[in-house]
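Visitor: So here's input-v2.tsv (TSV, C-alpha atoms).
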chain	number	residue	atom	x	y	z
A	7	MET	CA	21.43	128.17	88.11
A	8	ASN	CA	21.22	125.74	90.96
A	9	ALA	CA	22.35	122.20	90.37
A	10	GLY	CA	23.35	121.36	93.91
A	11	THR	CA	21.72	119.64	96.81
A	12	SER	CA	21.70	122.78	98.94
A	13	PRO	CA	18.96	125.20	97.95
A	14	GLY	CA	21.24	128.24	98.31
A	15	LEU	CA	24.18	126.81	96.41
A	16	THR	CA	24.16	128.53	93.05
A	17	CYS	CA	26.76	128.05	90.34
A	18	ASP	CA	28.26	131.43	91.23
A	19	ALA	CA	28.56	130.41	94.87
A	20	VAL	CA	30.10	127.08	93.89
A	21	ARG	CA	32.65	128.68	91.60
A	22	GLU	CA	33.84	130.99	94.34
A	23	GLN	CA	34.76	127.90	96.33
A	24	LEU	CA	36.50	125.92	93.60
A	25	ALA	CA	40.06	127.03	94.38
A	26	ALA	CA	39.50	126.36	98.07
A	27	LEU	CA	38.01	122.99	97.18
A	28	ALA	CA	41.04	122.12	95.07
A	29	HIS	CA	43.27	123.13	97.99
A	30	ASP	CA	41.19	121.04	100.37
A	31	GLU	CA	40.32	124.16	102.33
A	32	VAL	CA	36.54	123.75	102.65
A	33	PRO	CA	34.80	122.19	105.65
A	34	PRO	CA	33.36	118.67	105.11
A	35	PRO	CA	29.65	119.63	104.97
A	36	LEU	CA	30.29	122.24	102.29
A	37	ARG	CA	32.60	119.86	100.48
A	38	ALA	CA	29.81	117.31	100.21
A	39	ASP	CA	27.49	119.96	98.79
A	40	LEU	CA	30.12	121.10	96.31
A	41	ASP	CA	30.88	117.55	95.21
A	42	GLY	CA	27.15	116.95	94.73
A	43	HIS	CA	26.84	120.10	92.65
A	44	LEU	CA	29.84	119.23	90.50
A	45	GLU	CA	28.44	115.78	89.76
A	46	ARG	CA	25.30	117.37	88.37
A	47	CYS	CA	26.63	120.52	86.77
A	48	SER	CA	28.88	120.05	83.77
A	49	PRO	CA	29.90	123.74	83.35
A	50	CYS	CA	30.96	123.95	87.01
A	51	GLU	CA	32.77	120.64	86.69
A	52	THR	CA	34.72	122.07	83.75
A	53	GLU	CA	35.47	125.21	85.78
A	54	TYR	CA	36.74	123.05	88.59
A	55	ARG	CA	39.09	121.13	86.32
A	56	LEU	CA	40.41	124.37	84.85
A	57	THR	CA	41.01	125.76	88.32
A	58	ARG	CA	42.79	122.58	89.39
A	59	GLU	CA	44.96	122.73	86.30
A	60	ILE	CA	46.03	126.31	87.04
A	61	LEU	CA	46.82	125.39	90.63
A	62	ARG	CA	48.72	122.29	89.51
A	63	VAL	CA	50.88	124.36	87.18
A	64	ALA	CA	51.35	127.04	89.87
A	65	SER	CA	52.62	124.54	92.41
A	66	GLY	CA	55.12	123.26	89.85
A	67	VAL	CA	56.61	126.59	88.83
A	68	PRO	CA	60.36	126.00	88.97
A	69	GLY	CA	62.21	127.75	91.75
A	70	ALA	CA	65.79	128.76	92.38
A	71	GLN	CA	68.44	128.13	94.98
A	72	PRO	CA	69.79	131.00	97.05
A	73	ARG	CA	73.23	132.14	95.99
A	74	PRO	CA	76.00	131.38	98.48
A	75	GLU	CA	77.06	135.02	98.44
A	76	THR	CA	73.66	136.06	99.83
A	77	TRP	CA	74.31	134.20	103.06
A	78	LEU	CA	77.87	135.49	103.17
A	79	ALA	CA	76.55	139.04	102.90
A	80	VAL	CA	74.03	138.43	105.69
A	81	LYS	CA	76.72	136.87	107.86
A	82	MET	CA	79.16	139.68	107.21
A	83	GLN	CA	76.64	142.39	108.04
A	84	THR	CA	75.37	140.70	111.18
A	85	THR	CA	78.83	140.14	112.59
A	86	ALA	CA	80.50	143.32	111.39
A	87	GLN	CA	81.07	146.37	113.59
A	88	GLY	CA	79.98	144.59	116.72
A	89	ALA	CA	76.39	144.50	115.65
A	90	VAL	CA	74.22	143.72	118.63
A	91	SER	CA	72.59	140.41	118.04
A	92	PRO	CA	69.20	139.73	119.50
A	93	TRP	CA	70.13	136.11	119.01
A	94	ARG	CA	72.83	136.45	121.62
A	95	ALA	CA	72.59	134.38	124.77
A	96	PRO	CA	71.81	136.10	128.10
A	97	PRO	CA	74.86	137.75	129.69
A	98	GLN	CA	77.03	135.43	131.68
A	99	ALA	CA	77.03	135.44	135.49
A	100	TRP	CA	80.12	137.62	135.86
A	101	VAL	CA	78.40	140.41	133.95
A	102	TRP	CA	75.58	140.46	136.50
A	103	ILE	CA	78.02	140.41	139.45
A	104	VAL	CA	80.04	143.32	138.10
A	105	SER	CA	76.82	145.20	137.34
A	106	LEU	CA	75.57	144.70	140.91
A	107	PHE	CA	78.89	146.07	142.23
A	108	LEU	CA	78.87	149.04	139.92
A	109	LEU	CA	75.30	150.06	140.64
A	110	PRO	CA	75.90	151.35	144.21
A	111	VAL	CA	79.09	153.06	143.04
A	112	ALA	CA	77.12	154.83	140.33
A	113	LEU	CA	74.45	155.88	142.83
A	114	VAL	CA	77.05	157.32	145.24
A	115	ALA	CA	78.75	159.15	142.38
A	116	ALA	CA	75.43	160.59	141.28
A	117	ARG	CA	74.68	161.72	144.83
A	118	ILE	CA	78.06	163.45	145.13
A	119	ALA	CA	77.60	165.13	141.78
A	120	TRP	CA	74.15	166.35	142.81
A	121	THR	CA	75.51	167.75	146.09
A	122	LEU	CA	78.30	169.57	144.29
A	123	LEU	CA	75.92	171.05	141.79
A	124	ARG	CA	73.60	172.36	144.50
A	125	ARG	CA	76.50	174.35	146.07
B	29	MET	CA	63.00	129.27	118.17
B	30	LEU	CA	63.13	130.36	121.80
B	31	ALA	CA	65.73	127.73	122.47
B	32	VAL	CA	67.69	129.07	119.56
B	33	ARG	CA	67.54	132.59	120.95
B	34	ASP	CA	68.44	131.50	124.42
B	35	ARG	CA	71.37	129.48	123.19
B	36	LEU	CA	72.67	132.31	121.19
B	37	ASP	CA	74.11	131.00	118.41
B	38	ALA	CA	75.12	132.27	115.08
B	39	GLU	CA	74.96	128.67	114.00
B	40	ALA	CA	71.29	128.52	114.87
B	41	PHE	CA	70.66	131.67	112.88
B	42	GLU	CA	72.45	130.09	109.95
B	43	ALA	CA	70.33	126.97	110.38
B	44	LEU	CA	67.20	129.12	110.14
B	45	TYR	CA	68.57	130.69	107.01
B	46	GLN	CA	69.36	127.32	105.47
B	47	ARG	CA	65.87	126.06	106.27
B	48	HIS	CA	63.87	129.02	105.02
B	49	ALA	CA	65.98	130.89	102.47
B	50	ARG	CA	64.91	128.88	99.46
B	51	GLY	CA	61.18	129.24	100.19
B	52	LEU	CA	61.58	132.95	100.79
B	53	LEU	CA	63.69	133.48	97.68
B	54	ASN	CA	61.11	131.73	95.53
B	55	PHE	CA	58.35	133.74	97.16
B	56	PHE	CA	60.10	136.93	96.02
B	57	LEU	CA	60.93	135.47	92.62
B	58	ARG	CA	57.33	134.49	91.91
B	59	LEU	CA	56.09	137.87	93.03
B	60	SER	CA	58.29	139.84	90.68
B	61	TRP	CA	60.41	137.51	88.60
B	62	ASP	CA	63.46	139.61	89.28
B	63	ARG	CA	66.40	137.52	90.45
B	64	GLN	CA	68.56	140.38	91.65
B	65	GLY	CA	65.64	141.98	93.45
B	66	ALA	CA	64.73	138.65	95.05
B	67	ASP	CA	68.31	138.13	96.24
B	68	ASP	CA	68.38	141.61	97.74
B	69	LEU	CA	65.05	141.11	99.49
B	70	LEU	CA	66.14	137.74	100.84
B	71	GLN	CA	69.24	139.33	102.30
B	72	GLU	CA	67.32	142.27	103.74
B	73	THR	CA	64.67	139.99	105.25
B	74	PHE	CA	67.26	138.06	107.23
B	75	LEU	CA	68.98	141.25	108.33
B	76	ARG	CA	65.62	142.53	109.59
B	77	LEU	CA	65.03	139.21	111.27
B	78	TRP	CA	68.38	139.52	113.00
B	79	ARG	CA	67.50	142.95	114.28
B	80	SER	CA	63.86	142.34	115.15
B	81	SER	CA	63.69	138.90	116.63
B	82	ALA	CA	62.73	140.44	119.98
B	83	ARG	CA	59.34	141.16	118.42
B	84	TYR	CA	58.82	137.53	117.59
B	85	GLN	CA	55.90	136.03	119.49
B	86	PRO	CA	56.23	132.29	120.02
B	87	ILE	CA	52.46	132.01	119.46
B	88	ALA	CA	53.08	132.68	115.79
B	89	LYS	CA	54.70	130.16	113.55
B	90	PHE	CA	58.25	131.20	112.75
B	91	ARG	CA	57.68	130.89	109.00
B	92	THR	CA	54.67	133.20	109.33
B	93	PHE	CA	56.81	135.77	111.13
B	94	LEU	CA	59.54	135.51	108.51
B	95	PHE	CA	57.15	135.83	105.57
B	96	GLN	CA	55.46	138.81	107.22
B	97	ILE	CA	58.81	140.58	107.29
B	98	GLY	CA	59.42	139.58	103.66
B	99	LYS	CA	55.98	140.67	102.52
B	100	ASN	CA	56.35	144.06	104.20
B	101	LEU	CA	59.75	144.57	102.64
B	102	TRP	CA	58.42	143.66	99.21
B	103	LEU	CA	55.53	146.08	99.57
B	104	ASN	CA	57.85	148.82	100.82
B	105	ASP	CA	60.31	148.21	98.07
B	106	LEU	CA	58.00	149.31	95.32
B	107	GLU	CA	60.56	151.52	93.70
B	108	ARG	CA	62.76	148.57	92.86
B	109	PHE	CA	59.91	146.63	91.35
B	110	ARG	CA	58.41	149.63	89.64
B	111	ARG	CA	61.22	150.25	87.23
B	112	MET	CA	58.56	149.61	84.67
B	113	PRO	CA	55.93	152.18	83.63
B	114	LYS	CA	53.24	153.12	86.12
B	115	ARG	CA	50.57	150.48	86.27
B	116	ALA	CA	46.88	151.00	85.84
B	117	PRO	CA	44.00	148.56	86.24
B	118	VAL	CA	42.90	146.87	83.04
B	119	GLY	CA	39.22	147.20	82.24
B	120	ALA	CA	36.89	146.68	85.16
B	121	GLU	CA	39.05	143.99	86.71
B	122	GLU	CA	40.73	145.30	89.82
B	123	VAL	CA	42.57	142.01	89.92
B	124	LEU	CA	44.76	142.80	86.93
B	125	GLU	CA	47.53	145.28	86.43
B	126	ALA	CA	48.98	146.59	83.21
B	127	PRO	CA	51.49	144.21	81.65
B	128	GLU	CA	55.09	144.57	82.67
B	129	PRO	CA	57.77	144.94	80.00
B	130	GLY	CA	58.27	141.61	78.36
B	131	VAL	CA	54.97	140.33	79.65
B	132	PRO	CA	52.44	140.01	76.85
B	133	GLY	CA	49.18	141.81	77.46
B	134	GLY	CA	45.62	140.68	76.88
B	135	VAL	CA	44.50	137.15	76.15
B	136	GLU	CA	47.24	135.09	74.57
B	137	ASP	CA	46.84	133.20	71.38
B	138	PRO	CA	47.14	129.58	72.51
B	139	MET	CA	49.14	128.53	69.48
B	140	GLU	CA	51.54	131.41	69.87
B	141	ALA	CA	51.81	130.78	73.58
B	142	ALA	CA	52.46	127.10	73.06
B	143	SER	CA	55.31	127.89	70.76
B	144	ARG	CA	56.88	130.20	73.33
B	145	GLY	CA	57.60	127.76	76.04
B	146	GLU	CA	56.35	125.92	79.04
B	147	LEU	CA	52.94	126.48	80.52
B	148	SER	CA	54.53	127.35	83.83
B	149	GLU	CA	56.51	130.14	82.20
B	150	ARG	CA	53.30	131.58	80.77
B	151	LEU	CA	51.70	131.30	84.16
B	152	VAL	CA	54.60	133.15	85.79
B	153	ARG	CA	54.16	135.96	83.30
B	154	ALA	CA	50.44	135.98	83.99
B	155	ILE	CA	51.01	136.09	87.75
B	156	ALA	CA	53.11	139.21	87.23
B	157	ARG	CA	49.98	140.90	85.90
B	158	LEU	CA	47.92	140.35	89.02
B	159	SER	CA	47.60	143.33	91.30
B	160	LYS	CA	49.55	143.04	94.52
B	161	PRO	CA	46.85	141.81	96.94
B	162	TYR	CA	45.85	139.02	94.54
B	163	ARG	CA	49.42	138.21	93.57
B	164	LEU	CA	50.41	137.82	97.21
B	165	VAL	CA	47.52	135.46	97.92
B	166	PHE	CA	48.10	133.42	94.78
B	167	VAL	CA	51.85	133.11	95.23
B	168	LEU	CA	51.60	132.18	98.91
B	169	GLY	CA	48.63	129.83	98.53
B	170	ALA	CA	49.11	128.31	95.09
B	171	CYS	CA	52.85	128.53	94.37
B	172	GLN	CA	54.24	128.21	97.90
B	173	GLU	CA	51.30	125.95	98.85
B	174	LEU	CA	50.89	127.43	102.30
B	175	PRO	CA	47.64	126.68	104.15
B	176	TYR	CA	45.04	129.44	103.82
B	177	ARG	CA	45.19	130.03	107.56
B	178	GLU	CA	48.89	130.85	107.31
B	179	VAL	CA	48.38	132.99	104.22
B	180	ALA	CA	45.75	134.93	106.18
B	181	ALA	CA	48.15	135.38	109.10
B	182	ILE	CA	51.00	136.56	106.88
B	183	LEU	CA	48.83	139.06	105.06
B	184	ASP	CA	46.81	140.00	108.14
B	185	ILE	CA	43.49	139.42	106.42
B	186	PRO	CA	40.58	137.08	107.21
B	187	GLU	CA	40.70	133.55	105.83
B	188	GLY	CA	37.52	134.26	103.87
B	189	THR	CA	39.32	137.05	102.07
B	190	VAL	CA	42.10	134.64	101.14
B	191	LYS	CA	39.52	132.32	99.57
B	192	SER	CA	37.83	135.14	97.73
B	193	ARG	CA	41.11	136.56	96.39
B	194	MET	CA	42.32	133.13	95.37
B	195	PHE	CA	39.12	132.61	93.39
B	196	LYS	CA	39.44	135.97	91.66
B	197	ALA	CA	43.14	135.46	90.98
B	198	CYS	CA	42.44	132.07	89.36
B	199	ALA	CA	39.68	133.61	87.25
B	200	ALA	CA	41.97	136.44	86.15
B	201	LEU	CA	44.80	134.05	85.31
B	202	ARG	CA	42.46	131.95	83.22
B	203	GLN	CA	41.39	135.08	81.40
B	204	ILE	CA	45.01	135.97	80.67
B	205	LEU	CA	46.01	132.47	79.66
B	206	GLY	CA	42.97	131.94	77.48
B	207	GLY	CA	42.96	128.51	75.88
B	208	ALA	CA	46.45	127.65	77.07
B	209	ILE	CA	44.91	125.95	80.10
B	210	SER	CA	42.93	122.88	79.18
B	211	PRO	CA	40.39	121.25	81.49
B	212	GLY	CA	41.19	117.91	79.92
B	213	GLU	CA	44.62	117.85	81.51
B	214	ALA	CA	43.30	117.80	85.06
B	215	GLN	CA	41.22	115.00	86.46
B	216	ARG	CA	39.05	115.19	89.55
Let me see whether you can do it: turn the structure in this file into structure tokens.

Guide:
Amino acid sequence: MNAGTSPGLTCDAVREQLAALAHDEVPPPLRADLDGHLERCSPCETEYRLTREILRVASGVPGAQPRPETWLAVKMQTTAQGAVSPWRAPPQAWVWIVSLFLLPVALVAARIAWTLLRR
Amino acid sequence: MLAVRDRLDAEAFEALYQRHARGLLNFFLRLSWDRQGADDLLQETFLRLWRSSARYQPIAKFRTFLFQIGKNLWLNDLERFRRMPKRAPVGAEEVLEAPEPGVPGGVEDPMEAASRGELSERLVRAIARLSKPYRLVFVLGACQELPYREVAAILDIPEGTVKSRMFKACAALRQILGGAISPGEAQR
């Protein structure tokens, strides 16, 4: 069946687009073709209204609020036992200064250890 | 998001939780209609987020990143959601799964369904019968009302596949709901 303005737009092709049409997810040229088809084709028009009704109900399905204890559990686990947080700010300046001082010390220590081991 | 990470701030992390927890909880709830399971997955998603934020690419929307973590956890957590008997496809429809306990199977009698409660409740039960790929698309696109582009990014599938699965999911839901959905109630 082809009730549309586009020669290739069959009822099957139109119906595959109905959910996207209801969600406003089809490009304007196709939308015009689909609208034209729906004006002429009563069965597809009915399909479209059924699809819209399902989507309307789906978007209104009642939800729930998170329980306060869920956040408390997340908070407890992310702060417990010194968990390393990737959300932590970069180390402060003194950390870098101490690291720069310790690096040569570590290199010297490694060199000494290597020399001792070779003997 | 980057500013949040740079600032370090547990408060910022809490703000992210406050902004997204409800959407994520309802995503899990609509996928499986299991409150305890949804609470657990919500908690686990934010713990994963805490641990894996280094993988976050600012090119992706934060909500997309968060829902990707949630979706992966849900898929990996099949044992929890498969307390019910092993599912098998119904008929030739790969879109449908066997009914879960408490979820009526086959096409409902409209009169009986009407007496049992709200249309949305029947739809929720019907959604639970969709197989996972279709359920994910329907819940994200139709219940959470995310744009198809974002649904595609979360599920890592092409946008055309989202459209196709949404169409098939709607058709399957109509089949399950039978005459409970009336075209007269929706106007163009």

Visitor: Find the residue from B:Gln172, B:Gln203, B:Ser148, B:Ser192 that sits nearest to Leu52 (chain B); use all atoms listed in the file when measuring.

Guide: B:Gln172

Visitor: Residues of chain A near chain B: apply a cut-off of 10 Å, count all atoms listed in the file, and supply the list as a PyMOL selection string.

Guide: chain A and resi 21-32+51-73+75-81+83-85+89-96

Visitor: Write a file of the just-selected residues containing C-alpha atoms, as an mmCIF file, in the coordinates of the input.

Guide:
data_model
loop_
_atom_site.group_PDB
_atom_site.id
_atom_site.type_symbol
_atom_site.label_atom_id
_atom_site.label_comp_id
_atom_site.auth_asym_id
_atom_site.auth_seq_id
_atom_site.Cartn_x
_atom_site.Cartn_y
_atom_site.Cartn_z
ATOM 1 C CA ARG A 21 32.650 128.680 91.600
ATOM 2 C CA GLU A 22 33.840 130.990 94.340
ATOM 3 C CA GLN A 23 34.760 127.900 96.330
ATOM 4 C CA LEU A 24 36.500 125.920 93.600
ATOM 5 C CA ALA A 25 40.060 127.030 94.380
ATOM 6 C CA ALA A 26 39.500 126.360 98.070
ATOM 7 C CA LEU A 27 38.010 122.990 97.180
ATOM 8 C CA ALA A 28 41.040 122.120 95.070
ATOM 9 C CA HIS A 29 43.270 123.130 97.990
ATOM 10 C CA ASP A 30 41.190 121.040 100.370
ATOM 11 C CA GLU A 31 40.320 124.160 102.330
ATOM 12 C CA VAL A 32 36.540 123.750 102.650
ATOM 13 C CA GLU A 51 32.770 120.640 86.690
ATOM 14 C CA THR A 52 34.720 122.070 83.750
ATOM 15 C CA GLU A 53 35.470 125.210 85.780
ATOM 16 C CA TYR A 54 36.740 123.050 88.590
ATOM 17 C CA ARG A 55 39.090 121.130 86.320
ATOM 18 C CA LEU A 56 40.410 124.370 84.850
ATOM 19 C CA THR A 57 41.010 125.760 88.320
ATOM 20 C CA ARG A 58 42.790 122.580 89.390
ATOM 21 C CA GLU A 59 44.960 122.730 86.300
ATOM 22 C CA ILE A 60 46.030 126.310 87.040
ATOM 23 C CA LEU A 61 46.820 125.390 90.630
ATOM 24 C CA ARG A 62 48.720 122.290 89.510
ATOM 25 C CA VAL A 63 50.880 124.360 87.180
ATOM 26 C CA ALA A 64 51.350 127.040 89.870
ATOM 27 C CA SER A 65 52.620 124.540 92.410
ATOM 28 C CA GLY A 66 55.120 123.260 89.850
ATOM 29 C CA VAL A 67 56.610 126.590 88.830
ATOM 30 C CA PRO A 68 60.360 126.000 88.970
ATOM 31 C CA GLY A 69 62.210 127.750 91.750
ATOM 32 C CA ALA A 70 65.790 128.760 92.380
ATOM 33 C CA GLN A 71 68.440 128.130 94.980
ATOM 34 C CA PRO A 72 69.790 131.000 97.050
ATOM 35 C CA ARG A 73 73.230 132.140 95.990
ATOM 36 C CA GLU A 75 77.060 135.020 98.440
ATOM 37 C CA THR A 76 73.660 136.060 99.830
ATOM 38 C CA TRP A 77 74.310 134.200 103.060
ATOM 39 C CA LEU A 78 77.870 135.490 103.170
ATOM 40 C CA ALA A 79 76.550 139.040 102.900
ATOM 41 C CA VAL A 80 74.030 138.430 105.690
ATOM 42 C CA LYS A 81 76.720 136.870 107.860
ATOM 43 C CA GLN A 83 76.640 142.390 108.040
ATOM 44 C CA THR A 84 75.370 140.700 111.180
ATOM 45 C CA THR A 85 78.830 140.140 112.590
ATOM 46 C CA ALA A 89 76.390 144.500 115.650
ATOM 47 C CA VAL A 90 74.220 143.720 118.630
ATOM 48 C CA SER A 91 72.590 140.410 118.040
ATOM 49 C CA PRO A 92 69.200 139.730 119.500
ATOM 50 C CA TRP A 93 70.130 136.110 119.010
ATOM 51 C CA ARG A 94 72.830 136.450 121.620
ATOM 52 C CA ALA A 95 72.590 134.380 124.770
ATOM 53 C CA PRO A 96 71.810 136.100 128.100
#

Visitor: One decimal, in Å: what's the spacing between CA of Trp102 (chain B) and CA of Arg76 (chain B)?

Guide: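 Interatomic distance here is 12.7 Å.
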
Visitor: In Å, how far is it from CA of Asp184 (chain B) to CA of Ala156 (chain B)?

Guide: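 That distance, rounded to one decimal, is 21.9 Å.
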
Visitor: Go through B:Ala154, B:Leu101, B:Leu183, B:Leu94 one by one, measure the shortest atom-to-atom distance of each to Leu168 (chain B) using only C-alpha atoms, and give the residue with the smallest value.

Guide: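 Ranking B:Ala154, B:Leu101, B:Leu183, B:Leu94 by distance to Leu168 (chain B), first place goes to B:Leu183.
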
Visitor: What is the CA of Pro110 (chain A)-CA of Arg124 (chain A) distance in Å, reported with one decimal?

Guide: 21.1 Å

Visitor: Please determine, counting only C-alpha atoms, which residue among A:Cys17, A:Leu108, A:Ile118, A:Pro33 has the shortest atom-to-atom distance to Ser48 (chain A).

Guide: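 For Ser48 (chain A), the nearest of the given residues is A:Cys17.
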